[in-house]
Amino acid sequence: MGSIERDTRVDLDVIIIGAGISGINAGYRVQTELPGYQYTILEARGAIGGTWDLFRYPGIRSDSDLHTFGFPWRPWSKANSIADGPSIRKYIRESAEVNGIDRKIRFQNKLLSADWSTSTQRWTLLVNADGEKTHLSARFVIFSTGYYDYNTPLKASIPGIDNFQGETIHPQFWPKDYDYTGKKMIIIGSGATAITLLPNLAEKAAHVTVLQRSPSYIMAIPAVDPTANFIRKWLPTWFAHTIVRWKFLILPFIFFKFCRAFPNAARKVIQDNTKKQLGNCNVPLDPNFKPSYNPWEQRLCVCPDGDFFKALHRGNADMVTDTIKTVTANGIQTDSGKSIDADVIITATGLKMQLAGGSKITVDSKPIDVSTKYVWKGVMLQDVPNAAIVVGYTNASWTLGADATARLVCRLLKKMDQGREGVVVATLDPRLKLNPSPMVNLSSTYIEKAKGEMPKSGDVAPWKPRSNYLTDYWVAGYGNLTNGLKFSKILKKVN
């Protein structure tokens with residue numbers, strides 16, 4: 001049976017797509033800064049949390065500190081800086097409940113398409129509401145759907161993978177209650193997911209091998225920051241939260257800038273940290289921890305209290321840096337001639353990037369190809385009226401970028417209300433010649449593969465990619481709101 005379609009139109013000021021950390025934050029900003037606005041949040045799944053509700057692989061955790069990854073309006077109060085998935089999921093859910101945001105969410109409501117009408121100055125959204133197609137309309141839409149496909153993993157080219165007689169698992173779809181006790185496991189990949197999986201799987205598996213084509217930079221950091229604990233002990237709670245948050249804002253930012261400005265020195269700092277963690281481990285530094293790229297050209301991996309390196313000392317975990325010749329019935333044969341036996345192969349090879357949750361976006365019934373569009377201040381797609389996309393940072397906590405977007409959108413809507421404007425659209429001056437660059441400025445494989453599907457940044461303001469939170473925080477509160485934007489007055493109602 002096909003789904004039923006009914007015309008149950010509801011007109012709102014703002015519709016937010018997605019009830020993950022970005023969507024909940026956008027909801028908070030709308031209801032506090034625009035208290036007269038009517039809004040709702042559409043969530044395709046049945047729970048709050050987005051990524052943190054979807055991903056359930058062993059050891060799932062944040063790869064950035066919770067002091068900046070957490071909401072600025074509800075600071076992370078626990079001692080640990082790096083938190084596991086269940087703790088983050090609980091934190092997001094409680095934050096929504098405390099502020100009444102959960103009551104604004106429509107669960108099992110998947111956005112299918114969004115069409116802007118110039119004649120009505122409204123978006124019309126076609127939504128699959130638990131099997132029934134319905135329509136909603138709004139003045140403004142905020143796409144807080146993240147940047148990857150929830151339903152389809154990135155297809156990795158692994159020669160002979162169909163030969164394998166064991167189990168193949170993608171971390172994005174980890175089987176519920178899967179028992180891997182006593183199994184021989186291979187993790188294909190070298191990113192944050194692989195670094196997280198190894199120490200957790202090694203606790204019960206017979207043997208775990210990380211098989212990587214090319215290494216990543218990995219740094220051990222304290223799970224609990226002693227300075228933050230000292231600050232909390234002696235200062236009032238609100239003041240301590242502020243100082244700790246700014247510490248975790250500034251120090252990683254300085255380190256990132258140091259890595260980009262002095263890559264050789266940064267490489268030495270990271271590899272000295274790695275040598276110390278490896279100690280007398282039988283996994284050598286070269287080639288397993290010597291990437292061919294400079295620090296922060298791809299995302300830097302962190303492991304709390306060096307748990308990744310501790311796992312390598314256990315004796316049932318190792319690393320192999322090599323390319324795959326073929327997958328056999330019982331494991332993997334590498335190009336150097338090494339044979340690795342396995343009962344389970346885990347393909348931690350990245351995410352399939354996708355914008356707006358895969359929904360179809362049209363303007364006056366004409367489809368929008370997002371890959372041909374530039375992004376205004378990292379927030380608005382060129383030629384797409386009254387809509388914002390929420391994309392966080394690759395070199396800092398995601399929520400920082402999400403909040404900068406939400407604050408900028410609220411300020412923009414206030415300006416429109418004051419000027420009785422009904423439409424705002426990011427418009428590229430035809431005389432302006434931009435040199436395109438990726439919206440996400442990293443060289444990771446899954447990002448490279450998505451170049452033809454994601455929007456672009458330029459080399460001239462306001463089309464430049466986002467650089468850092470401190471700049472974007474200022475822009476959100478005080479930056480220019482006319483350069484690159486075109487406004488139109490509210491249409492007069494005809495009786």
# chains A, B, ... in the order shown; residues from 1 in each chain; ligands from 1

$ select_by_dssp --residues "region 112-325 of chain A" --states "strand (DSSP E or B)" --output "ChimeraX atom specification"
/A:112-117,122-129,132-143,148,167-169,184-188,207-212,218-221,224,301-304,317-321,324-325

$ write_last_selection --atoms "C-alpha atoms" --output "PDB file, in the first residue's frame"
ATOM      1  CA  LEU A 112      10.251  14.826   1.279  1.00  0.00           C
ATOM      2  CA  SER A 113      10.328  18.147  -0.543  1.00  0.00           C
ATOM      3  CA  ALA A 114      10.352  21.883   0.067  1.00  0.00           C
ATOM      4  CA  ASP A 115       9.073  24.372  -2.525  1.00  0.00           C
ATOM      5  CA  TRP A 116       9.387  28.139  -2.214  1.00  0.00           C
ATOM      6  CA  SER A 117       6.636  30.251  -3.745  1.00  0.00           C
ATOM      7  CA  ARG A 122       6.082  30.898   1.782  1.00  0.00           C
ATOM      8  CA  TRP A 123       7.724  27.505   1.820  1.00  0.00           C
ATOM      9  CA  THR A 124       5.425  24.532   1.295  1.00  0.00           C
ATOM     10  CA  LEU A 125       6.816  21.340   2.773  1.00  0.00           C
ATOM     11  CA  LEU A 126       5.650  17.876   1.784  1.00  0.00           C
ATOM     12  CA  VAL A 127       6.160  15.605   4.773  1.00  0.00           C
ATOM     13  CA  ASN A 128       5.792  11.879   5.317  1.00  0.00           C
ATOM     14  CA  ALA A 129       4.182  11.864   8.757  1.00  0.00           C
ATOM     15  CA  GLU A 132       0.696   9.815   5.798  1.00  0.00           C
ATOM     16  CA  LYS A 133       1.740  12.633   3.473  1.00  0.00           C
ATOM     17  CA  THR A 134       0.900  16.065   4.836  1.00  0.00           C
ATOM     18  CA  HIS A 135       1.767  19.677   4.027  1.00  0.00           C
ATOM     19  CA  LEU A 136       3.190  22.422   6.213  1.00  0.00           C
ATOM     20  CA  SER A 137       4.030  25.987   5.238  1.00  0.00           C
ATOM     21  CA  ALA A 138       6.412  28.502   6.774  1.00  0.00           C
ATOM     22  CA  ARG A 139       8.093  31.851   6.241  1.00  0.00           C
ATOM     23  CA  PHE A 140      11.540  30.433   6.979  1.00  0.00           C
ATOM     24  CA  VAL A 141      13.130  26.966   7.016  1.00  0.00           C
ATOM     25  CA  ILE A 142      16.249  25.931   8.933  1.00  0.00           C
ATOM     26  CA  PHE A 143      17.832  22.717   7.652  1.00  0.00           C
ATOM     27  CA  TYR A 148      25.561  13.002   5.811  1.00  0.00           C
ATOM     28  CA  GLU A 167      29.999 -10.842   8.824  1.00  0.00           C
ATOM     29  CA  THR A 168      30.487  -7.380   7.314  1.00  0.00           C
ATOM     30  CA  ILE A 169      29.321  -4.445   9.434  1.00  0.00           C
ATOM     31  CA  LYS A 184      38.682 -12.056  15.104  1.00  0.00           C
ATOM     32  CA  MET A 185      37.877  -8.616  13.739  1.00  0.00           C
ATOM     33  CA  ILE A 186      39.329  -6.264  11.127  1.00  0.00           C
ATOM     34  CA  ILE A 187      38.480  -2.553  11.141  1.00  0.00           C
ATOM     35  CA  ILE A 188      39.064  -0.992   7.720  1.00  0.00           C
ATOM     36  CA  HIS A 207      41.857 -10.136  18.152  1.00  0.00           C
ATOM     37  CA  VAL A 208      41.281  -6.760  16.489  1.00  0.00           C
ATOM     38  CA  THR A 209      43.313  -5.328  13.606  1.00  0.00           C
ATOM     39  CA  VAL A 210      43.025  -1.781  12.291  1.00  0.00           C
ATOM     40  CA  LEU A 211      43.816  -1.993   8.576  1.00  0.00           C
ATOM     41  CA  GLN A 212      44.519   1.433   7.149  1.00  0.00           C
ATOM     42  CA  ILE A 218      46.231  10.624  16.820  1.00  0.00           C
ATOM     43  CA  MET A 219      46.704  12.467  20.109  1.00  0.00           C
ATOM     44  CA  ALA A 220      46.088  11.204  23.604  1.00  0.00           C
ATOM     45  CA  ILE A 221      44.326  13.760  25.788  1.00  0.00           C
ATOM     46  CA  VAL A 224      39.088  14.647  32.721  1.00  0.00           C
ATOM     47  CA  CYS A 301      41.852  12.150  15.992  1.00  0.00           C
ATOM     48  CA  VAL A 302      41.903  12.168  19.785  1.00  0.00           C
ATOM     49  CA  CYS A 303      41.731   9.326  22.283  1.00  0.00           C
ATOM     50  CA  PRO A 304      40.824  10.014  25.929  1.00  0.00           C
ATOM     51  CA  ALA A 317      45.164  -5.594  18.988  1.00  0.00           C
ATOM     52  CA  ASP A 318      47.416  -4.320  16.249  1.00  0.00           C
ATOM     53  CA  MET A 319      47.662  -2.015  13.219  1.00  0.00           C
ATOM     54  CA  VAL A 320      48.534  -2.758   9.606  1.00  0.00           C
ATOM     55  CA  THR A 321      49.259   0.032   7.117  1.00  0.00           C
ATOM     56  CA  ILE A 324      43.962  -4.469   0.162  1.00  0.00           C
ATOM     57  CA  LYS A 325      44.764  -6.886  -2.634  1.00  0.00           C
TER      58      LYS A 325
END

$ residues_around --residues "region 73-88 of chain A" --least-positions-apart "5" --cutoff "6 Å" --atoms "only C-alpha atoms" --output "number ranges by chain"
A: 52, 60-62, 65-67, 223-224

$ write_last_selection --atoms "N, CA, C and O atoms" --output "mmCIF file, in the first residue's frame"
data_model
loop_
_atom_site.group_PDB
_atom_site.id
_atom_site.type_symbol
_atom_site.label_atom_id
_atom_site.label_comp_id
_atom_site.auth_asym_id
_atom_site.auth_seq_id
_atom_site.Cartn_x
_atom_site.Cartn_y
_atom_site.Cartn_z
ATOM 1 N N TRP A 52 23.581 11.116 17.490
ATOM 2 C CA TRP A 52 23.828 10.438 18.767
ATOM 3 C C TRP A 52 22.748 9.434 19.116
ATOM 4 O O TRP A 52 22.931 8.609 20.012
ATOM 5 N N ILE A 60 30.956 4.513 21.061
ATOM 6 C CA ILE A 60 30.636 5.766 20.388
ATOM 7 C C ILE A 60 30.779 6.938 21.368
ATOM 8 O O ILE A 60 30.254 6.904 22.486
ATOM 9 N N ARG A 61 31.492 7.964 20.935
ATOM 10 C CA ARG A 61 31.785 9.096 21.816
ATOM 11 C C ARG A 61 32.038 10.344 20.974
ATOM 12 O O ARG A 61 32.189 10.267 19.749
ATOM 13 N N SER A 62 32.121 11.474 21.638
ATOM 14 C CA SER A 62 32.446 12.722 20.948
ATOM 15 C C SER A 62 33.921 12.724 20.586
ATOM 16 O O SER A 62 34.742 12.106 21.277
ATOM 17 N N ASP A 65 35.648 18.239 22.712
ATOM 18 C CA ASP A 65 35.284 18.394 24.123
ATOM 19 C C ASP A 65 33.833 18.841 24.287
ATOM 20 O O ASP A 65 33.291 19.588 23.468
ATOM 21 N N LEU A 66 33.209 18.360 25.367
ATOM 22 C CA LEU A 66 31.793 18.677 25.618
ATOM 23 C C LEU A 66 31.596 20.090 26.176
ATOM 24 O O LEU A 66 30.475 20.592 26.179
ATOM 25 N N HIS A 67 32.658 20.727 26.608
ATOM 26 C CA HIS A 67 32.518 22.089 27.125
ATOM 27 C C HIS A 67 32.179 23.062 25.993
ATOM 28 O O HIS A 67 31.507 24.067 26.215
ATOM 29 N N ALA A 223 40.944 12.479 29.728
ATOM 30 C CA ALA A 223 39.483 12.381 29.686
ATOM 31 C C ALA A 223 38.859 13.413 30.631
ATOM 32 O O ALA A 223 37.788 13.950 30.365
ATOM 33 N N VAL A 224 39.536 13.644 31.746
ATOM 34 C CA VAL A 224 39.088 14.647 32.721
ATOM 35 C C VAL A 224 40.171 15.713 32.813
ATOM 36 O O VAL A 224 41.331 15.412 33.107
#

$ residues_around --residues "Thr274 (chain A)" --least-positions-apart "2" --cutoff "12 Å" --atoms "only C-alpha atoms" --output "ChimeraX atom specification"
/A:216-221,267-272,276-281,283-286,288-290,301-303,306,308-310

$ residues_around --residues "Cys259 (chain A)" --least-positions-apart "5" --cutoff "8 Å" --atoms "only C-alpha atoms" --output "list in words"
Ala265, Ala266, Arg267, Asn294, Pro295 and Trp296 of chain A

$ write_last_selection --atoms "all heavy atoms" --output "compact mmCIF listing (two decimals), in the first residue's frame"
# COMPACT_ATOMS: atom_id res chain seq x y z
N ALA A 265 56.76 21.56 12.80
CA ALA A 265 56.84 21.60 14.26
C ALA A 265 55.64 20.90 14.88
O ALA A 265 55.77 20.16 15.88
CB ALA A 265 56.90 23.05 14.74
N ALA A 266 54.46 21.09 14.30
CA ALA A 266 53.25 20.44 14.80
C ALA A 266 53.35 18.92 14.66
O ALA A 266 52.95 18.17 15.56
CB ALA A 266 52.03 20.96 14.06
N ARG A 267 53.88 18.49 13.52
CA ARG A 267 54.05 17.05 13.31
C ARG A 267 54.94 16.45 14.39
O ARG A 267 54.68 15.37 14.91
CB ARG A 267 54.64 16.81 11.92
CG ARG A 267 54.73 15.34 11.54
CD ARG A 267 55.38 15.14 10.20
NE ARG A 267 54.53 15.65 9.12
CZ ARG A 267 54.82 16.71 8.39
NH1 ARG A 267 55.94 17.39 8.62
NH2 ARG A 267 54.01 17.11 7.43
N ASN A 294 49.85 17.09 6.13
CA ASN A 294 50.20 17.91 7.30
C ASN A 294 49.10 17.87 8.35
O ASN A 294 47.93 17.62 8.03
CB ASN A 294 50.44 19.36 6.88
CG ASN A 294 51.71 19.53 6.09
OD1 ASN A 294 52.69 18.81 6.29
ND2 ASN A 294 51.71 20.48 5.16
N PRO A 295 49.45 18.11 9.61
CA PRO A 295 48.43 18.13 10.67
C PRO A 295 47.29 19.10 10.35
O PRO A 295 47.51 20.23 9.92
CB PRO A 295 49.22 18.60 11.90
CG PRO A 295 50.62 18.16 11.64
CD PRO A 295 50.81 18.32 10.15
N TRP A 296 46.09 18.63 10.55
CA TRP A 296 44.84 19.36 10.37
C TRP A 296 44.48 19.62 8.90
O TRP A 296 43.56 20.39 8.63
CB TRP A 296 44.79 20.66 11.17
CG TRP A 296 44.18 20.47 12.52
CD1 TRP A 296 44.76 20.65 13.73
CD2 TRP A 296 42.84 20.03 12.80
NE1 TRP A 296 43.89 20.34 14.75
CE2 TRP A 296 42.70 19.96 14.20
CE3 TRP A 296 41.75 19.67 12.00
CZ2 TRP A 296 41.52 19.56 14.83
CZ3 TRP A 296 40.57 19.27 12.63
CH2 TRP A 296 40.47 19.23 14.02

$ atom_distance --atom1 "CA of Gly358 (chain A)" --atom2 "CA of Ser64 (chain A)"
26.5 Å

$ select_by_dssp --residues "region 229-403 of chain A" --states "helix (DSSP H, G or I)" --output "ChimeraX atom specification"
/A:229-234,237-261,263-278,285-288,307-312,356-358,370-372,398-403

$ residues_around --residues "region 474-485 of chain A" --least-positions-apart "2" --cutoff "7 Å" --atoms "only C-alpha atoms" --output "PyMOL selection string"
chain A and resi 404+407-408+424-428+462+470-472+487

$ residues_around --residues "Leu54 (chain A)" --least-positions-apart "2" --cutoff "9 Å" --atoms "only C-alpha atoms" --output "list in words"
Arg45, Gly49, Gly50, Thr51, Trp52, Arg56, Tyr150, Gln172 and Phe173 of chain A

$ closest_residue --among "A:Ile243, A:Val384, A:Leu300, A:Leu351" --to "Thr68 (chain A)" --atoms "only C-alpha atoms"
A:Ile243

$ atom_distance --atom1 "CA of Val14 (chain A)" --atom2 "CA of Tyr39 (chain A)"
4.8 Å

$ atom_distance --atom1 "CA of Met353 (chain A)" --atom2 "CA of Thr196 (chain A)"
20.9 Å

$ closest_residue --among "A:Ala461, A:Ser292, A:Ile389, A:Asn468" --to "Lys257 (chain A)" --atoms "only C-alpha atoms"
A:Asn468

$ closest_residue --among "A:Pro291, A:Pro430, A:Gly422, A:Gly337" --to "Pro385 (chain A)" --atoms "only C-alpha atoms"
A:Gly422

$ closest_residue --among "A:Ser371, A:Gln121, A:Asn229, A:Gln38" --to "Lys104 (chain A)" --atoms "only C-alpha atoms"
A:Gln38
